[in-house]
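Structure file run_37.txt (compact mmCIF, C-alpha atoms) follows.
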```txt
# COMPACT_ATOMS: atom_id res chain seq x y z
CA MET A 1 -62.87 -48.12 37.58
CA SER A 2 -61.18 -45.00 38.99
CA PHE A 3 -59.98 -41.83 37.26
CA LYS A 4 -56.42 -42.93 38.01
CA GLU A 5 -56.99 -46.17 36.08
CA LEU A 6 -58.20 -44.07 33.14
CA GLY A 7 -54.83 -42.29 33.16
CA ILE A 8 -55.67 -39.13 35.11
CA GLN A 9 -52.86 -37.77 37.30
CA ASP A 10 -53.02 -37.82 41.10
CA ALA A 11 -53.14 -34.02 41.36
CA PHE A 12 -56.46 -33.98 39.48
CA THR A 13 -57.94 -37.10 41.08
CA GLU A 14 -57.37 -35.56 44.53
CA ILE A 15 -59.25 -32.38 43.54
CA LEU A 16 -62.09 -34.53 42.14
CA LEU A 17 -62.31 -36.43 45.44
CA GLN A 18 -62.40 -33.16 47.38
CA ASN A 19 -65.40 -32.23 45.21
CA GLY A 20 -67.10 -35.56 45.93
CA ILE A 21 -66.31 -37.14 42.55
CA GLY A 22 -64.75 -40.57 42.90
CA GLU A 23 -66.10 -42.70 40.10
CA PRO A 24 -66.12 -41.80 36.38
CA THR A 25 -69.44 -41.69 34.49
CA PRO A 26 -69.89 -43.83 31.32
CA ILE A 27 -68.93 -40.96 28.96
CA GLN A 28 -65.80 -40.27 31.04
CA LYS A 29 -64.76 -43.95 31.05
CA GLU A 30 -65.06 -44.18 27.29
CA THR A 31 -63.69 -40.79 26.34
CA ILE A 32 -60.76 -39.96 28.65
CA PRO A 33 -58.36 -42.77 27.53
CA VAL A 34 -59.08 -42.04 23.85
CA ILE A 35 -58.36 -38.30 24.27
CA LEU A 36 -55.18 -39.03 26.24
CA GLU A 37 -54.03 -41.22 23.31
CA GLY A 38 -54.40 -38.19 21.06
CA GLN A 39 -57.31 -39.45 18.95
CA ASP A 40 -60.10 -37.23 17.63
CA VAL A 41 -63.51 -37.84 19.22
CA VAL A 42 -67.10 -37.38 18.09
CA GLY A 43 -69.16 -37.84 21.25
CA GLN A 44 -72.91 -37.99 21.57
CA ALA A 45 -73.96 -37.13 25.10
CA GLN A 46 -76.18 -34.59 26.75
CA THR A 47 -75.64 -32.21 29.64
CA GLY A 48 -75.82 -34.02 32.98
CA THR A 49 -73.77 -37.05 31.90
CA GLY A 50 -70.41 -35.67 33.06
CA LYS A 51 -69.43 -34.73 29.50
CA THR A 52 -67.56 -31.54 30.52
CA LEU A 53 -65.07 -33.39 32.74
CA ALA A 54 -64.70 -36.02 29.99
CA PHE A 55 -62.89 -33.50 27.80
CA VAL A 56 -61.60 -31.00 30.41
CA LEU A 57 -59.54 -33.52 32.43
CA PRO A 58 -57.44 -34.92 29.54
CA LEU A 59 -57.14 -31.46 27.94
CA LEU A 60 -55.67 -29.99 31.15
CA GLN A 61 -53.37 -32.96 31.61
CA LYS A 62 -51.82 -32.29 28.20
CA ILE A 63 -51.08 -28.60 28.92
CA ASP A 64 -47.40 -27.68 29.12
CA SER A 65 -47.46 -24.74 31.54
CA GLU A 66 -43.90 -23.81 30.49
CA ARG A 67 -45.18 -22.94 27.02
CA ASP A 68 -46.48 -19.39 26.99
CA GLU A 69 -49.30 -19.91 24.47
CA ILE A 70 -52.93 -21.02 24.15
CA GLN A 71 -52.91 -24.82 23.88
CA GLY A 72 -56.56 -25.67 24.59
CA LEU A 73 -59.54 -23.97 22.93
CA ILE A 74 -63.10 -24.84 24.00
CA VAL A 75 -65.98 -23.32 22.01
CA ALA A 76 -69.51 -23.30 23.47
CA PRO A 77 -72.74 -21.93 21.93
CA THR A 78 -73.87 -19.78 24.88
CA ARG A 79 -72.23 -17.56 27.45
CA GLU A 80 -73.92 -19.55 30.21
CA LEU A 81 -72.27 -22.78 29.06
CA ALA A 82 -68.91 -21.04 28.57
CA ILE A 83 -69.12 -19.73 32.15
CA GLN A 84 -70.05 -23.19 33.44
CA ILE A 85 -67.16 -24.93 31.61
CA THR A 86 -64.73 -22.25 32.85
CA ALA A 87 -65.90 -22.88 36.43
CA GLU A 88 -65.16 -26.63 36.00
CA VAL A 89 -61.67 -25.83 34.64
CA ARG A 90 -60.97 -23.41 37.49
CA LYS A 91 -61.97 -26.01 40.10
CA LEU A 92 -59.31 -28.32 38.68
CA THR A 93 -56.61 -25.65 38.30
CA ASP A 94 -57.14 -23.76 41.57
CA THR A 95 -54.32 -25.58 43.34
CA ASN A 96 -52.19 -25.53 40.17
CA SER A 97 -51.88 -21.84 39.41
CA GLU A 98 -49.39 -22.63 36.64
CA ILE A 99 -52.27 -23.37 34.24
CA ASN A 100 -54.17 -20.21 33.31
CA VAL A 101 -57.68 -20.24 31.86
CA LEU A 102 -59.61 -17.34 30.33
CA ALA A 103 -63.32 -17.11 29.49
CA VAL A 104 -64.01 -15.07 26.36
CA TYR A 105 -67.64 -14.16 25.65
CA GLY A 106 -69.81 -11.20 24.67
CA GLY A 107 -71.16 -8.84 27.31
CA GLN A 108 -67.73 -8.58 28.93
CA ASP A 109 -65.31 -5.67 28.53
CA VAL A 110 -63.44 -6.51 25.29
CA ILE A 111 -60.47 -4.27 26.19
CA ALA A 112 -60.00 -6.07 29.52
CA GLN A 113 -60.09 -9.38 27.62
CA MET A 114 -57.45 -8.08 25.21
CA HIS A 115 -55.13 -7.23 28.13
CA LYS A 116 -55.61 -10.69 29.64
CA LEU A 117 -54.91 -12.34 26.28
CA GLN A 118 -51.56 -10.54 26.21
CA GLY A 119 -50.62 -12.37 29.42
CA LYS A 120 -49.92 -16.07 29.91
CA VAL A 121 -53.07 -17.99 28.95
CA HIS A 122 -53.08 -21.77 28.33
CA VAL A 123 -56.80 -22.51 27.92
CA VAL A 124 -59.50 -20.32 26.37
CA VAL A 125 -63.22 -21.06 26.75
CA GLY A 126 -65.33 -18.91 24.50
CA THR A 127 -68.40 -18.26 22.38
CA PRO A 128 -67.99 -18.06 18.57
CA GLY A 129 -68.94 -14.38 18.18
CA ARG A 130 -66.46 -13.00 20.70
CA LEU A 131 -63.66 -15.37 19.61
CA LEU A 132 -64.13 -14.19 16.03
CA ASP A 133 -64.03 -10.59 17.25
CA HIS A 134 -60.59 -11.21 18.79
CA ILE A 135 -59.40 -13.04 15.66
CA ARG A 136 -60.39 -10.04 13.50
CA ARG A 137 -58.70 -7.61 15.91
CA GLU A 138 -55.65 -9.92 15.89
CA THR A 139 -55.71 -9.93 19.70
CA ILE A 140 -55.76 -13.74 20.02
CA ASP A 141 -53.17 -16.17 18.70
CA LEU A 142 -54.48 -19.70 18.13
CA SER A 143 -51.40 -21.04 16.33
CA GLY A 144 -50.33 -23.06 19.39
CA VAL A 145 -53.68 -24.83 19.94
CA SER A 146 -53.17 -28.60 20.19
CA THR A 147 -56.66 -29.52 21.50
CA PHE A 148 -59.82 -27.99 20.04
CA VAL A 149 -63.22 -28.74 21.64
CA LEU A 150 -66.56 -27.97 20.04
CA ASP A 151 -69.24 -28.45 22.69
CA GLU A 152 -73.01 -28.68 22.03
CA ALA A 153 -72.39 -28.73 18.25
CA ASP A 154 -76.08 -29.24 17.42
CA GLN A 155 -76.99 -26.14 19.41
CA MET A 156 -74.18 -24.21 17.73
CA LEU A 157 -75.63 -24.95 14.29
CA HIS A 158 -79.20 -24.38 15.50
CA ILE A 159 -78.27 -20.84 16.56
CA GLY A 160 -76.53 -20.27 13.19
CA PHE A 161 -72.83 -20.28 14.12
CA LEU A 162 -71.58 -22.50 11.27
CA SER A 163 -69.65 -19.82 9.35
CA ASP A 164 -68.16 -18.48 12.62
CA ILE A 165 -66.95 -21.98 13.51
CA GLU A 166 -65.41 -22.38 10.04
CA ASP A 167 -63.57 -19.06 10.43
CA ILE A 168 -62.25 -20.08 13.87
CA MET A 169 -61.16 -23.52 12.60
CA ALA A 170 -59.15 -21.83 9.84
CA LYS A 171 -56.97 -20.20 12.53
CA VAL A 172 -56.24 -23.42 14.46
CA PRO A 173 -53.37 -25.69 13.34
CA ALA A 174 -54.35 -28.60 11.05
CA SER A 175 -52.32 -30.91 13.34
CA ARG A 176 -54.64 -30.24 16.32
CA GLN A 177 -56.75 -32.87 18.10
CA THR A 178 -60.46 -32.19 17.58
CA LEU A 179 -63.15 -33.18 20.09
CA LEU A 180 -66.75 -32.63 19.01
CA PHE A 181 -69.66 -33.19 21.40
CA SER A 182 -73.34 -33.03 20.58
CA ALA A 183 -76.56 -34.13 22.26
CA THR A 184 -78.12 -35.08 18.92
CA MET A 185 -76.55 -36.09 15.60
CA PRO A 186 -78.49 -34.46 12.76
CA ASP A 187 -76.92 -34.57 9.28
CA GLU A 188 -75.39 -31.07 9.63
CA VAL A 189 -73.47 -32.15 12.74
CA LYS A 190 -72.29 -35.36 11.02
CA LYS A 191 -71.10 -33.24 8.08
CA LEU A 192 -69.27 -30.87 10.43
CA ALA A 193 -67.59 -33.85 12.13
CA GLU A 194 -66.55 -35.35 8.77
CA THR A 195 -65.05 -32.03 7.66
CA TYR A 196 -63.07 -31.21 10.79
CA THR A 197 -62.04 -34.49 12.44
CA LYS A 198 -59.50 -37.12 11.38
CA ASN A 199 -60.49 -40.79 11.85
CA PRO A 200 -62.46 -39.91 15.00
CA ARG A 201 -63.58 -42.41 17.60
CA ASP A 202 -67.38 -42.32 17.72
CA ILE A 203 -68.58 -42.48 21.31
CA GLN A 204 -72.28 -42.65 22.14
CA VAL A 205 -73.69 -42.72 25.62
CA LYS A 206 -77.21 -44.06 25.97
CA THR A 207 -78.51 -41.22 28.09
CA LYS A 208 -82.22 -41.87 28.03
CA GLN A 209 -82.09 -44.41 30.83
CA ILE A 210 -79.50 -42.41 32.81
CA THR A 211 -81.58 -39.25 32.68
CA LEU A 212 -85.04 -40.71 33.00
CA LYS A 213 -84.33 -43.15 35.81
CA GLU A 214 -84.45 -40.55 38.59
CA ILE A 215 -87.36 -38.57 37.16
CA ARG A 216 -91.04 -39.29 37.68
CA GLN A 217 -93.05 -38.20 34.68
CA ARG A 218 -96.73 -37.27 34.51
CA ILE A 219 -99.10 -35.63 32.05
CA VAL A 220 -101.95 -33.20 32.65
CA GLU A 221 -104.72 -33.43 30.07
CA THR A 222 -105.79 -29.90 29.22
CA THR A 223 -107.04 -27.52 26.53
CA ASP A 224 -105.33 -24.44 25.08
CA ARG A 225 -107.87 -22.25 26.83
CA GLY A 226 -107.61 -24.02 30.21
CA LYS A 227 -103.84 -24.57 30.22
CA GLN A 228 -102.87 -21.55 32.32
CA ASN A 229 -105.40 -22.39 35.05
CA ASP A 230 -104.29 -26.02 34.98
CA LEU A 231 -100.65 -24.97 35.44
CA VAL A 232 -101.56 -22.83 38.46
CA GLN A 233 -103.60 -25.69 39.89
CA THR A 234 -100.68 -28.12 39.35
CA ILE A 235 -98.30 -25.71 41.11
CA ARG A 236 -100.71 -25.51 44.08
CA LEU A 237 -100.97 -29.29 44.20
CA LEU A 238 -97.24 -30.09 43.89
CA ARG A 239 -95.72 -27.08 45.70
CA PRO A 240 -92.37 -27.02 43.86
CA TYR A 241 -89.27 -25.73 45.60
CA LEU A 242 -87.55 -24.67 42.34
CA ALA A 243 -89.12 -25.20 38.92
CA ILE A 244 -88.42 -24.55 35.24
CA ILE A 245 -91.44 -24.01 32.98
CA PHE A 246 -90.81 -24.56 29.26
CA CYS A 247 -92.65 -22.70 26.50
CA ARG A 248 -92.08 -23.04 22.78
CA THR A 249 -91.53 -19.36 21.87
CA LYS A 250 -90.11 -16.21 23.45
CA ARG A 251 -93.52 -14.55 23.13
CA ARG A 252 -95.26 -17.35 25.04
CA VAL A 253 -92.52 -17.24 27.71
CA SER A 254 -93.10 -13.50 28.29
CA LYS A 255 -96.88 -13.87 28.28
CA LEU A 256 -96.89 -16.73 30.80
CA ASN A 257 -94.30 -15.07 33.05
CA GLU A 258 -96.42 -11.92 33.15
CA ALA A 259 -99.52 -13.98 34.04
CA LEU A 260 -97.67 -15.81 36.85
CA GLN A 261 -96.28 -12.56 38.28
CA THR A 262 -99.78 -11.03 38.19
CA LYS A 263 -101.00 -14.00 40.24
CA GLY A 264 -98.30 -13.31 42.82
CA TYR A 265 -95.79 -16.00 41.83
CA ASN A 266 -92.07 -15.36 42.20
CA SER A 267 -91.14 -15.95 38.53
CA ASP A 268 -88.92 -14.54 35.81
CA GLU A 269 -88.21 -15.27 32.15
CA LEU A 270 -85.18 -16.54 30.21
CA HIS A 271 -84.95 -16.33 26.43
CA GLY A 272 -82.66 -15.15 23.65
CA ASP A 273 -84.00 -11.60 23.39
CA LEU A 274 -82.79 -10.57 26.85
CA SER A 275 -79.58 -8.56 27.22
CA GLN A 276 -76.60 -10.50 28.51
CA ALA A 277 -76.63 -8.58 31.82
CA LYS A 278 -80.32 -9.43 32.32
CA ARG A 279 -79.78 -13.12 31.46
CA GLU A 280 -76.89 -13.43 33.90
CA ASP A 281 -78.92 -11.68 36.60
CA VAL A 282 -81.90 -14.03 36.09
CA MET A 283 -79.62 -17.09 36.15
CA ARG A 284 -77.88 -15.92 39.32
CA ARG A 285 -81.17 -15.23 41.10
CA PHE A 286 -82.56 -18.62 40.07
CA ARG A 287 -79.40 -20.40 41.25
CA ASP A 288 -79.56 -18.51 44.56
CA GLY A 289 -83.23 -19.44 44.99
CA GLU A 290 -84.41 -15.83 44.76
CA ILE A 291 -86.65 -16.85 41.83
CA GLN A 292 -88.86 -19.91 42.34
CA PHE A 293 -90.19 -20.31 38.79
CA LEU A 294 -88.04 -19.84 35.70
CA VAL A 295 -90.10 -19.59 32.48
CA ALA A 296 -87.78 -20.44 29.58
CA THR A 297 -87.33 -21.46 25.95
CA ASP A 298 -85.34 -24.60 25.04
CA VAL A 299 -82.39 -22.64 23.66
CA ALA A 300 -82.08 -20.40 26.74
CA ALA A 301 -82.14 -23.35 29.15
CA ARG A 302 -79.69 -25.57 27.23
CA GLY A 303 -76.69 -26.24 29.44
CA LEU A 304 -78.46 -24.76 32.47
CA ASP A 305 -77.28 -26.85 35.39
CA VAL A 306 -78.89 -25.74 38.65
CA GLU A 307 -78.86 -27.90 41.75
CA GLY A 308 -82.15 -28.32 43.55
CA VAL A 309 -84.58 -28.04 40.62
CA THR A 310 -87.45 -30.17 41.92
CA HIS A 311 -89.92 -29.81 39.03
CA VAL A 312 -89.97 -29.28 35.29
CA PHE A 313 -93.24 -28.23 33.65
CA ASN A 314 -93.62 -28.64 29.89
CA TYR A 315 -96.25 -25.93 29.45
CA ASP A 316 -95.82 -26.53 25.71
CA ILE A 317 -94.97 -30.14 24.82
CA ALA A 318 -91.50 -30.68 23.28
CA LEU A 319 -91.47 -31.12 19.50
CA ASP A 320 -89.18 -34.17 19.61
CA THR A 321 -87.98 -36.79 22.08
CA GLU A 322 -84.41 -35.43 22.36
CA SER A 323 -85.75 -32.01 23.41
CA TYR A 324 -88.13 -33.69 25.88
CA ILE A 325 -85.23 -35.58 27.48
CA HIS A 326 -83.11 -32.41 27.61
CA ARG A 327 -85.88 -30.48 29.31
CA ILE A 328 -86.76 -33.00 31.97
CA GLY A 329 -83.06 -33.65 32.57
CA ARG A 330 -82.92 -30.26 34.32
CA THR A 331 -84.42 -32.01 37.38
CA GLY A 332 -83.44 -35.23 39.17
CA ARG A 333 -79.74 -34.29 39.07
CA ALA A 334 -76.98 -35.70 41.23
CA GLY A 335 -79.06 -38.51 42.68
CA GLY A 336 -82.03 -36.32 43.63
CA LYS A 337 -85.58 -37.26 42.63
CA GLY A 338 -87.35 -35.01 40.17
CA LEU A 339 -90.86 -34.67 38.74
CA ALA A 340 -91.63 -33.63 35.17
CA VAL A 341 -95.18 -32.65 34.20
CA THR A 342 -96.24 -32.22 30.56
CA PHE A 343 -99.44 -30.40 29.61
CA VAL A 344 -101.16 -32.20 26.75
CA ALA A 345 -103.98 -30.72 24.67
CA GLN A 346 -105.82 -32.75 22.04
CA LYS A 347 -103.51 -31.52 19.25
CA ASP A 348 -100.45 -32.70 21.24
CA ARG A 349 -101.53 -36.37 21.30
CA ARG A 350 -99.35 -37.36 18.35
CA LEU A 351 -96.24 -35.82 19.96
CA LEU A 352 -97.05 -37.53 23.27
CA GLN A 353 -97.35 -40.93 21.54
CA MET A 354 -93.98 -40.37 19.83
CA ILE A 355 -92.29 -39.49 23.16
CA GLU A 356 -93.85 -42.54 24.87
CA ARG A 357 -92.79 -44.82 22.03
CA GLU A 358 -89.22 -43.53 21.81
CA THR A 359 -88.61 -43.51 25.58
CA ASN A 360 -90.33 -46.88 25.87
CA GLN A 361 -92.74 -45.89 28.64
CA LYS A 362 -96.33 -44.89 29.25
CA LEU A 363 -96.82 -41.53 30.98
CA ASN A 364 -99.50 -41.57 33.66
CA VAL A 365 -102.09 -38.83 34.06
CA LEU A 366 -101.84 -36.49 37.04
CA LYS A 367 -105.37 -35.81 38.28
CA LEU A 368 -106.05 -32.23 39.32
CA GLU A 369 -108.37 -31.61 42.23
CA TYR A 370 -109.81 -28.14 41.77
CA MET A 371 -109.97 -26.14 44.98
```
Produce structure tokens that represent the structure in this file.
Amino acid sequence: MSFKELGIQDAFTEILLQNGIGEPTPIQKETIPVILEGQDVVGQAQTGTGKTLAFVLPLLQKIDSERDEIQGLIVAPTRELAIQITAEVRKLTDTNSEINVLAVYGGQDVIAQMHKLQGKVHVVVGTPGRLLDHIRRETIDLSGVSTFVLDEADQMLHIGFLSDIEDIMAKVPASRQTLLFSATMPDEVKKLAETYTKNPRDIQVKTKQITLKEIRQRIVETTDRGKQNDLVQTIRLLRPYLAIIFCRTKRRVSKLNEALQTKGYNSDELHGDLSQAKREDVMRRFRDGEIQFLVATDVAARGLDVEGVTHVFNYDIALDTESYIHRIGRTGRAGGKGLAVTFVAQKDRRLLQMIERETNQKLNVLKLEYM
């Protein structure tokens, strides 16, 4: 099935083809026709499934460029994701300069944003905090919004944005179409969906197979005391080109990054305590290959889509299967092969068994040859 058969206009399908995208992914096949019909959607899909295009394409197609008002509002939990979504929108609107998009997030000059909002803007992609800032200053008018997208809803609630979202929703017309996407569906997300959507179409994409198919997975049996040495040994053995190393807390991220740098590795850290300028700098250098090892927390790396990540190391095992799948999904993208290595101490056995059971596979041990 082609994008044209799903109802996407030629102008957009041509741009997709120029970008090497010819065939819709499962989430796009299921979601695009429903959104074009005007129905609300509650979609369960993770990053890497083509979810962004699933809502961006129909949203852009519904924009009336003659109308001088914001018609599409996309809310994302992090600046990184907002920047990424904006880049996707810009790719599709580059040749159609009649549709104007604006990214609105913290760390940018708020006065410059205010000036841009006074101009002709059709689509706004933003983070809750900065959007709320503009609402309070009365520098953004959301009364013309016909399509409202809440992306990564579980992450939004995890960070604590619920009251911000409620305040934003109060400024959007009740007649709008609401599209809510989430990687997981905890009760709080279900409640949010029930409150803000009208007879939504529930769309679930079985992503475990999609994500895991291209990724080889191994475990390294270790101890808390020997873990750092075992990581270094694994790096020597596997020689990653670009790798993300996951730790459970910001403190552990900083500690491990410092240890790797001391050993001469080209690494840096990514977590919520960094300033926005520092985060963007780290992300840019990692994307450009200036940093080889990115040591990160789950929250910081959510939505991080970098081509060429060859390895993911779970220095600390994920606390649940969804997080495990999210982490290892950072590698093996776009048809490339990836390798995910999880370090397992005795106390992690129960979590490992849960991951093996829920992903329906046995993870083989990677033997380390000490040099």
Build an axis-aligned box that encloses every atom of stretch 56-65 of chain A listed in the file, pad it by 5 Å on each side, and report its centre and edge lengths in Å to one decimal, as AutoDock Vina command-line options.
```
--center_x -54.5 --center_y -29.8 --center_z 30.2 --size_x 24.2 --size_y 20.2 --size_z 14.5
```
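The spacing separating atom CA of A:Leu132 from atom CA of A:Met283 amounts to 25.6 Å.
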Wanna dump the stretch 85-127 of chain A-stretch 3-27 of chain A contacts at 9 Å for me, each residue with its shortest atom pair and the distance in Å to one decimal, counting all atoms listed in the file, ordered by chain and number, as a Markdown table?
```
| residue | atom | partner | partner_atom | distance |
| --- | --- | --- | --- | --- |
| A:Lys91 | CA | A:Ile15 | CA | 7.7 |
| A:Leu92 | CA | A:Ile15 | CA | 6.3 |
| A:Thr93 | CA | A:Phe12 | CA | 8.4 |
| A:Thr95 | CA | A:Ile15 | CA | 8.4 |
| A:Asn96 | CA | A:Ala11 | CA | 8.6 |
```
With 10 Å as the cut-off and all atoms listed in the file counted, what is the closest atom pair between each nearby residue of stretch 174-271 of chain A and stretch 309-325 of chain A? Distances in Å to one decimal, ordered by chain and number, as JSON lines.
```
{"residue": "A:Ala183", "atom": "CA", "partner": "A:Glu322", "partner_atom": "CA", "distance": 8.0}
{"residue": "A:Thr184", "atom": "CA", "partner": "A:Glu322", "partner_atom": "CA", "distance": 7.2}
{"residue": "A:Thr207", "atom": "CA", "partner": "A:Ile325", "partner_atom": "CA", "distance": 8.8}
{"residue": "A:Lys208", "atom": "CA", "partner": "A:Ile325", "partner_atom": "CA", "distance": 7.0}
{"residue": "A:Gln209", "atom": "CA", "partner": "A:Ile325", "partner_atom": "CA", "distance": 10.0}
{"residue": "A:Thr211", "atom": "CA", "partner": "A:Ile325", "partner_atom": "CA", "distance": 7.3}
{"residue": "A:Leu212", "atom": "CA", "partner": "A:Ile325", "partner_atom": "CA", "distance": 7.5}
{"residue": "A:Ile215", "atom": "CA", "partner": "A:His311", "partner_atom": "CA", "distance": 9.3}
{"residue": "A:Arg216", "atom": "CA", "partner": "A:His311", "partner_atom": "CA", "distance": 9.6}
{"residue": "A:Gln217", "atom": "CA", "partner": "A:Val312", "partner_atom": "CA", "distance": 9.5}
{"residue": "A:Arg218", "atom": "CA", "partner": "A:Phe313", "partner_atom": "CA", "distance": 9.7}
{"residue": "A:Ile219", "atom": "CA", "partner": "A:Asn314", "partner_atom": "CA", "distance": 9.1}
{"residue": "A:Val220", "atom": "CA", "partner": "A:Tyr315", "partner_atom": "CA", "distance": 9.8}
{"residue": "A:Asp224", "atom": "CA", "partner": "A:Asp316", "partner_atom": "CA", "distance": 9.8}
{"residue": "A:Lys227", "atom": "CA", "partner": "A:Tyr315", "partner_atom": "CA", "distance": 7.7}
{"residue": "A:Gln228", "atom": "CA", "partner": "A:Tyr315", "partner_atom": "CA", "distance": 8.4}
{"residue": "A:Asp230", "atom": "CA", "partner": "A:Tyr315", "partner_atom": "CA", "distance": 9.8}
{"residue": "A:Leu231", "atom": "CA", "partner": "A:Tyr315", "partner_atom": "CA", "distance": 7.5}
{"residue": "A:Thr234", "atom": "CA", "partner": "A:Phe313", "partner_atom": "CA", "distance": 9.4}
{"residue": "A:Ile235", "atom": "CA", "partner": "A:Phe313", "partner_atom": "CA", "distance": 9.4}
{"residue": "A:Leu238", "atom": "CA", "partner": "A:His311", "partner_atom": "CA", "distance": 8.8}
{"residue": "A:Arg239", "atom": "CA", "partner": "A:His311", "partner_atom": "CA", "distance": 9.3}
{"residue": "A:Pro240", "atom": "CA", "partner": "A:His311", "partner_atom": "CA", "distance": 6.1}
{"residue": "A:Tyr241", "atom": "CA", "partner": "A:Thr310", "partner_atom": "CA", "distance": 6.0}
{"residue": "A:Leu242", "atom": "CA", "partner": "A:Val309", "partner_atom": "CA", "distance": 4.8}
{"residue": "A:Ala243", "atom": "CA", "partner": "A:His311", "partner_atom": "CA", "distance": 4.7}
{"residue": "A:Ile244", "atom": "CA", "partner": "A:Val312", "partner_atom": "CA", "distance": 5.0}
{"residue": "A:Ile245", "atom": "CA", "partner": "A:Phe313", "partner_atom": "CA", "distance": 4.6}
{"residue": "A:Phe246", "atom": "CA", "partner": "A:Asn314", "partner_atom": "CA", "distance": 5.0}
{"residue": "A:Cys247", "atom": "CA", "partner": "A:Asp316", "partner_atom": "CA", "distance": 5.0}
{"residue": "A:Arg248", "atom": "CA", "partner": "A:Asp316", "partner_atom": "CA", "distance": 5.9}
{"residue": "A:Thr249", "atom": "CA", "partner": "A:Asp316", "partner_atom": "CA", "distance": 9.2}
{"residue": "A:Arg252", "atom": "CA", "partner": "A:Asp316", "partner_atom": "CA", "distance": 9.2}
{"residue": "A:Val253", "atom": "CA", "partner": "A:Tyr315", "partner_atom": "CA", "distance": 9.6}
{"residue": "A:Leu256", "atom": "CA", "partner": "A:Tyr315", "partner_atom": "CA", "distance": 9.3}
```
- The distance between atom CA of A:Asp348 and atom CA of A:Leu366 is 16.3 Å
- Query: What separation in Å, quoted to one decimal, exists between atom CA of A:Gly338 and atom CA of A:Glu307?
  - Reply: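 That distance, rounded to one decimal, is 11.2 Å.
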- Counting only C-alpha atoms, figure out which residue out of A:Lys29, A:Lys255, A:His158, A:Lys278 gets nearest to A:Pro77. A:His158
Reconstructed stretch 256-270 of chain A, atom set N, CA and C atoms, as a short mmCIF file (atom, residue, chain, number, x, y, z; two decimals), in the frame of the given file:
```
data_model
loop_
_atom_site.label_atom_id
_atom_site.label_comp_id
_atom_site.auth_asym_id
_atom_site.auth_seq_id
_atom_site.Cartn_x
_atom_site.Cartn_y
_atom_site.Cartn_z
N LEU A 256 -96.63 -15.88 29.63
CA LEU A 256 -96.89 -16.73 30.80
C LEU A 256 -96.23 -16.16 32.05
N ASN A 257 -95.00 -15.66 31.90
CA ASN A 257 -94.30 -15.07 33.05
C ASN A 257 -95.10 -13.90 33.62
N GLU A 258 -95.62 -13.06 32.73
CA GLU A 258 -96.42 -11.92 33.15
C GLU A 258 -97.67 -12.38 33.91
N ALA A 259 -98.31 -13.44 33.39
CA ALA A 259 -99.52 -13.98 34.04
C ALA A 259 -99.20 -14.52 35.43
N LEU A 260 -98.07 -15.23 35.55
CA LEU A 260 -97.67 -15.81 36.85
C LEU A 260 -97.35 -14.70 37.86
N GLN A 261 -96.63 -13.67 37.39
CA GLN A 261 -96.28 -12.56 38.28
C GLN A 261 -97.54 -11.83 38.76
N THR A 262 -98.51 -11.68 37.85
CA THR A 262 -99.78 -11.03 38.19
C THR A 262 -100.51 -11.81 39.29
N LYS A 263 -100.35 -13.15 39.24
CA LYS A 263 -101.00 -14.00 40.24
C LYS A 263 -100.18 -14.09 41.53
N GLY A 264 -99.09 -13.37 41.58
CA GLY A 264 -98.30 -13.31 42.82
C GLY A 264 -97.18 -14.32 42.91
N TYR A 265 -96.89 -15.01 41.79
CA TYR A 265 -95.79 -16.00 41.83
C TYR A 265 -94.44 -15.33 41.63
N ASN A 266 -93.43 -15.88 42.28
CA ASN A 266 -92.07 -15.36 42.20
C ASN A 266 -91.39 -15.98 40.96
N SER A 267 -91.65 -15.37 39.78
CA SER A 267 -91.14 -15.95 38.53
C SER A 267 -90.36 -14.91 37.73
N ASP A 268 -89.57 -15.42 36.77
CA ASP A 268 -88.92 -14.54 35.81
C ASP A 268 -88.72 -15.33 34.52
N GLU A 269 -88.30 -14.62 33.45
CA GLU A 269 -88.21 -15.27 32.15
C GLU A 269 -86.77 -15.35 31.65
N LEU A 270 -86.51 -16.34 30.80
CA LEU A 270 -85.18 -16.54 30.21
C LEU A 270 -85.35 -16.92 28.75
#
```
